[in-house]
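Chemist: Take a look at this one; I'll ask things after.
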Amino acid sequence: MGALVNYIYILSGALFILSLKWMNTPATARHGVFAGELGMLLAVAGTLAGHHHNWEWILAAFVIGTAIGVPIAYIMPMTAVPQRTAMSHACGALAAALVGTAEFYQRQPQADTDLRGVVMVALVIETLLGFLTFTGSLMAMGKLQEVLPSRPITYRNQNLINLFLFLVALGLGARLILAPTDTWIFPIFAGLALVFGVLLIIPIGGADMPTVIALLNSYAGLSACAMGFALNNPLLVIAGALDGSSGLILSIIMCKAMNRSFTNVLFGAFGQLQTTAAKTEERPVRSASPEEAAAILETASSVIIVPGYGLAVAQAQHKIRELFDALMRRGVDVKFAIHPVAGRMPGHMNVLLAEADIPYDRLFEMDDINGEFPQCDVALVIGANDVTNPAARHDPASPIYGMPILDVDKAHIVMVIKRSMSPGFAGIQNELYYLDKTLMLFGDAKAFTTEILKELPARVGA
Amino acid sequence: MPSNLEIGLYVFMLATFVGIEVIRKVSPLLHTPLMSLTNAISAISVVGAILIISAESATTASKVLGFIAITAAVTNIVSGFLITDRMLKMFKKLPSRSREVKK
């Protein structure tokens, strides 16, 4: 039995890799989910088959976990997906941390032979990453749900204090590795990791969440990976490494899309720095009514819609779909331009638009669509701000200088649906709004789109 | 013969490279479902939790910790796979009957 389980684990590992491989296109992605499920089922069944003690505890936990998991998967609205993702990072990290904790205490009687060297190093890494990712993810979730302020929370010497705490935690971890029988250290060590997770995330602002979520994803994976080393289980190492590398790649993509480094995201407390620099003079802008906007859209032959987090906040995705349909019916070529960091997590906008039944072959990545703006009649910006600011291209003084942006300003006409002229998250004035070709459509994204739609059918027979 | 640690490090090294190569090819369109899928997969830590709780020497404390760990991991497995599938079901191509405007 014991040997068979190892072969099952090999099969599971292969299925996990296939699962991720099939995610490369939407056409095969659902096979990927199936492969992942099968791999998980095999691994769990194989593990259970060899272990009969305390099955009633295991069964109860499975029932409760399923009872929580199913409603989350089906009830959660797509706009809340970033929060759910943060929550599941927290759950995954908590599981790893608690297993590491239990392992540490359970192996105490044989500490001299069992808790030496590698195993103890792995346990320390597992619990450190697990606990800090747990509280860090809870903070991220709070910010995304706006239970906590999504502004960066900063105080003096923040980075110094954080660094100090982290070093103390590392020191205690090292002490535990050298003297595993000093059980009194463990709760202090775990507590510091929990506190550090909170302190790491509170100075990070809402718009940096895509990077942070990806990074926490990576940590949760590495924690599971360390568990694999502690338990000497290669399947855990494989699954953890896959998750870790996935999170790492996503966070690198996010950082590149903002032209910032990891350290800058984690320790820079963006937003905070810039809000002070946001004192600019009032300049005139041109605005337009829904009626005028409808008339311009109707006569256009190509329209590129640029969605941002504001679209998610206004829950406007279904109205945008109606606008998309109405314009496509009139023969207007409508495309969507998606910036990699639009929204609050990687791929957030794509999921929202897909939810509203907008076909995915109309969604284009930044590099694929930027060349099309100069030929495009109307660029319609909905709830996006900094990712459309031309200052990023030419103004070295701008805090976002160098960030790759969507070349919205090159379209013949630019329309921006926005609540007011207040600057965005980073507190930077968007030059786009003051261009002669730009029309500001003041209002809530959903309400304004509804108004435009009302104007559209009225003109059909005219 | 390489030790367990060395074999583990080999596995880690190879899995990381495979992971990086595979994930790089994932369409940015699917980054959100990708994250929920990897999340569900990394809940494989449920295996570790089962091993802890089912050990003959399991104390009440480690049973309780293992119980919470399994609950959290199973929540991730179930909600992770189901929500990934729910998201992927929404990704549809433009139906061919709709008019495409070619310029």
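By order of appearance in the structure tokens: chains A, B, ..., then residues from 1 within every chain, and ligands from 1 in the order shown.
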Give me the chain B side of the contact with chain A, cut-off 6 Å, one line per residue showing its nearest atom pair and distance in Å at one decimal, counting only C-alpha atoms, sorted by chain and residue number, as a Markdown table.

Modeler:
```
| residue | atom | partner | partner_atom | distance |
| --- | --- | --- | --- | --- |
| B:Phe12 | CA | A:Val237 | CA | 5.9 |
| B:Ala15 | CA | A:Ile238 | CA | 5.4 |
| B:Thr16 | CA | A:Ala241 | CA | 5.2 |
| B:Gly19 | CA | A:Leu242 | CA | 4.8 |
| B:Ile20 | CA | A:Ser245 | CA | 5.6 |
| B:Val22 | CA | A:Lys21 | CA | 5.5 |
| B:Ile23 | CA | A:Ser246 | CA | 5.9 |
| B:Lys25 | CA | A:Asn24 | CA | 5.6 |
| B:Val26 | CA | A:Asn24 | CA | 3.7 |
| B:Ser27 | CA | A:Asn24 | CA | 5.4 |
| B:Leu29 | CA | A:Asn350 | CA | 5.8 |
| B:His31 | CA | A:Gly347 | CA | 4.7 |
| B:Thr32 | CA | A:Gly347 | CA | 4.8 |
| B:Thr38 | CA | A:Asp243 | CA | 5.3 |
| B:Ser42 | CA | A:Ala239 | CA | 5.5 |
| B:Ala43 | CA | A:Gly92 | CA | 5.8 |
| B:Ser45 | CA | A:Ala224 | CA | 5.8 |
| B:Ala49 | CA | A:Val99 | CA | 5.7 |
| B:Ser54 | CA | A:His53 | CA | 4.6 |
| B:Ser62 | CA | A:Ala102 | CA | 4.8 |
| B:Leu65 | CA | A:Leu98 | CA | 5.7 |
| B:Phe67 | CA | A:Ala61 | CA | 5.8 |
| B:Ala69 | CA | A:Ala95 | CA | 4.0 |
| B:Ile70 | CA | A:Ala61 | CA | 5.8 |
| B:Thr71 | CA | A:Gly65 | CA | 4.5 |
| B:Ala72 | CA | A:Cys91 | CA | 5.1 |
| B:Ala73 | CA | A:Gly92 | CA | 5.8 |
| B:Val74 | CA | A:Gly65 | CA | 4.9 |
| B:Thr75 | CA | A:Gly65 | CA | 4.3 |
| B:Asn76 | CA | A:Ser88 | CA | 5.8 |
| B:Val78 | CA | A:Gly69 | CA | 5.2 |
| B:Ser79 | CA | A:Gly69 | CA | 4.4 |
| B:Leu82 | CA | A:Ala73 | CA | 5.7 |
| B:Ile83 | CA | A:Ala73 | CA | 4.6 |
| B:Met90 | CA | A:Ala354 | CA | 5.4 |
| B:Phe91 | CA | A:Ala354 | CA | 5.2 |
| B:Lys92 | CA | A:Pro359 | CA | 5.0 |
| B:Lys93 | CA | A:Pro359 | CA | 4.6 |
| B:Leu94 | CA | A:Pro359 | CA | 4.8 |
| B:Val101 | CA | A:Asp333 | CA | 5.6 |
```

Chemist: Could you save those same residues with C-alpha atoms as a JSON list (two decimals), in the first residue's frame?

Modeler:
```json
[["chain", "number", "residue", "atom", "x", "y", "z"],
["B", 12, "PHE", "CA", 11.94, 21.62, -6.53],
["B", 15, "ALA", "CA", 9.16, 21.81, -10.91],
["B", 16, "THR", "CA", 10.02, 25.50, -10.67],
["B", 19, "GLY", "CA", 6.13, 25.94, -13.70],
["B", 20, "ILE", "CA", 7.79, 29.05, -15.10],
["B", 22, "VAL", "CA", 4.17, 26.53, -18.48],
["B", 23, "ILE", "CA", 2.79, 29.63, -16.76],
["B", 25, "LYS", "CA", 2.44, 30.56, -21.96],
["B", 26, "VAL", "CA", -0.86, 31.14, -20.15],
["B", 27, "SER", "CA", -2.89, 33.81, -21.93],
["B", 29, "LEU", "CA", -6.90, 36.66, -20.56],
["B", 31, "HIS", "CA", -4.71, 35.16, -15.31],
["B", 32, "THR", "CA", -7.54, 35.35, -12.79],
["B", 38, "THR", "CA", -3.01, 27.24, -8.69],
["B", 42, "SER", "CA", -1.48, 24.27, -3.68],
["B", 43, "ALA", "CA", -4.18, 23.16, -1.25],
["B", 45, "SER", "CA", -1.17, 20.63, 1.73],
["B", 49, "ALA", "CA", -2.78, 17.71, 7.28],
["B", 54, "SER", "CA", -4.04, 10.31, 11.33],
["B", 62, "SER", "CA", -2.40, 18.35, 16.79],
["B", 65, "LEU", "CA", -4.71, 21.99, 14.36],
["B", 67, "PHE", "CA", -8.73, 19.60, 11.70],
["B", 69, "ALA", "CA", -5.92, 22.82, 8.41],
["B", 70, "ILE", "CA", -7.98, 20.21, 6.55],
["B", 71, "THR", "CA", -11.08, 22.40, 6.72],
["B", 72, "ALA", "CA", -9.18, 25.39, 5.30],
["B", 73, "ALA", "CA", -7.49, 23.32, 2.60],
["B", 74, "VAL", "CA", -10.68, 21.54, 1.55],
["B", 75, "THR", "CA", -12.46, 24.90, 1.37],
["B", 76, "ASN", "CA", -9.74, 26.02, -1.04],
["B", 78, "VAL", "CA", -13.62, 22.87, -3.49],
["B", 79, "SER", "CA", -14.12, 26.59, -4.02],
["B", 82, "LEU", "CA", -15.46, 25.16, -8.87],
["B", 83, "ILE", "CA", -14.96, 28.91, -9.24],
["B", 90, "MET", "CA", -18.00, 32.50, -19.18],
["B", 91, "PHE", "CA", -15.22, 32.90, -21.73],
["B", 92, "LYS", "CA", -16.94, 32.68, -25.11],
["B", 93, "LYS", "CA", -15.92, 33.57, -28.60],
["B", 94, "LEU", "CA", -17.90, 35.92, -30.81],
["B", 101, "VAL", "CA", -16.67, 44.69, -39.53]]
```

Chemist: Could you list, as a compact mmCIF listing (two decimals) with N, CA and C atoms, in the first residue's frame, every residue within 12 Å of Leu435 in chain A, counting only C-alpha atoms and ignoring same-chain residues fewer than 5 positions away?

Modeler:
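Dumped everything to result.txt:
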```txt
# COMPACT_ATOMS: atom_id res chain seq x y z
N ARG A 283 -7.80 73.51 -14.65
CA ARG A 283 -7.75 73.82 -16.08
C ARG A 283 -9.09 73.46 -16.70
N PRO A 284 -9.46 74.15 -17.79
CA PRO A 284 -10.77 73.87 -18.38
C PRO A 284 -10.77 72.52 -19.10
N VAL A 285 -11.91 71.85 -19.02
CA VAL A 285 -12.08 70.62 -19.78
C VAL A 285 -13.35 70.73 -20.60
N ARG A 286 -13.47 69.93 -21.63
CA ARG A 286 -14.70 69.90 -22.40
C ARG A 286 -15.53 68.73 -21.92
N SER A 287 -16.82 68.98 -21.74
CA SER A 287 -17.65 67.85 -21.33
C SER A 287 -18.77 67.68 -22.35
N ASN A 389 -2.63 57.83 -18.92
CA ASN A 389 -2.04 59.17 -18.78
C ASN A 389 -0.81 59.33 -19.68
N PRO A 390 -0.90 60.19 -20.71
CA PRO A 390 0.23 60.34 -21.63
C PRO A 390 1.49 60.84 -20.94
N VAL A 408 -4.29 55.89 -25.59
CA VAL A 408 -5.64 56.38 -25.81
C VAL A 408 -5.63 57.76 -26.48
N ASP A 409 -4.65 58.59 -26.12
CA ASP A 409 -4.60 59.96 -26.62
C ASP A 409 -4.38 60.03 -28.12
N LYS A 410 -4.02 58.90 -28.74
CA LYS A 410 -3.79 58.93 -30.19
C LYS A 410 -5.06 58.72 -31.00
N ALA A 411 -6.15 58.35 -30.33
CA ALA A 411 -7.41 58.16 -31.04
C ALA A 411 -7.93 59.52 -31.54
N HIS A 412 -8.83 59.51 -32.54
CA HIS A 412 -9.34 60.77 -33.07
C HIS A 412 -10.13 61.53 -32.02
N ILE A 413 -11.01 60.82 -31.33
CA ILE A 413 -11.77 61.45 -30.25
C ILE A 413 -11.63 60.56 -29.01
N VAL A 414 -11.46 61.20 -27.86
CA VAL A 414 -11.38 60.45 -26.61
C VAL A 414 -12.58 60.82 -25.75
N MET A 415 -13.27 59.83 -25.24
CA MET A 415 -14.35 60.13 -24.29
C MET A 415 -14.03 59.40 -22.98
N VAL A 416 -14.20 60.11 -21.88
CA VAL A 416 -13.85 59.54 -20.58
C VAL A 416 -15.07 59.62 -19.68
N ASN A 430 -4.41 63.65 -14.77
CA ASN A 430 -4.28 62.96 -16.05
C ASN A 430 -4.37 63.97 -17.19
N MET A 440 -15.20 64.92 -21.62
CA MET A 440 -15.44 64.28 -20.33
C MET A 440 -16.94 64.00 -20.21
```

Chemist: Identify, on the basis of only C-alpha atoms, every residue whose closest approach to Ile161 in chain A does not exceed 12 Å; exclude the query and any residue fewer than 3 positions from it along the same chain; express the result as a ChimeraX atom specification.

Modeler: /A:154-158,164-168,195-196,199-200,267

Chemist: Using DSSP on the backbone, list every residue of chain B that comes out as helix (DSSP H, G or I), and give them as a PyMOL selection string.

Modeler: chain B and resi 4-24+28-53+60-90

Chemist: Using only C-alpha atoms, which of A:Ala379, A:Leu194, A:Leu456, A:Met209 sits nearest Ser150 in chain A?

Modeler: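 Nearest candidate to Ser150 in chain A out of A:Ala379, A:Leu194, A:Leu456, A:Met209: A:Met209.
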
Chemist: Residues of range 232-410 of chain A in strand (DSSP E or B) according to DSSP, as a PyMOL selection string?

Modeler: chain A and resi 287+302-307+333-338+363-365+378-382

Chemist: Using Å and a single decimal, report how far CA of Leu441 in chain A sits from CA of Ala392 in chain A.

Modeler: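 Here the two named atoms are 23.0 Å from each other.
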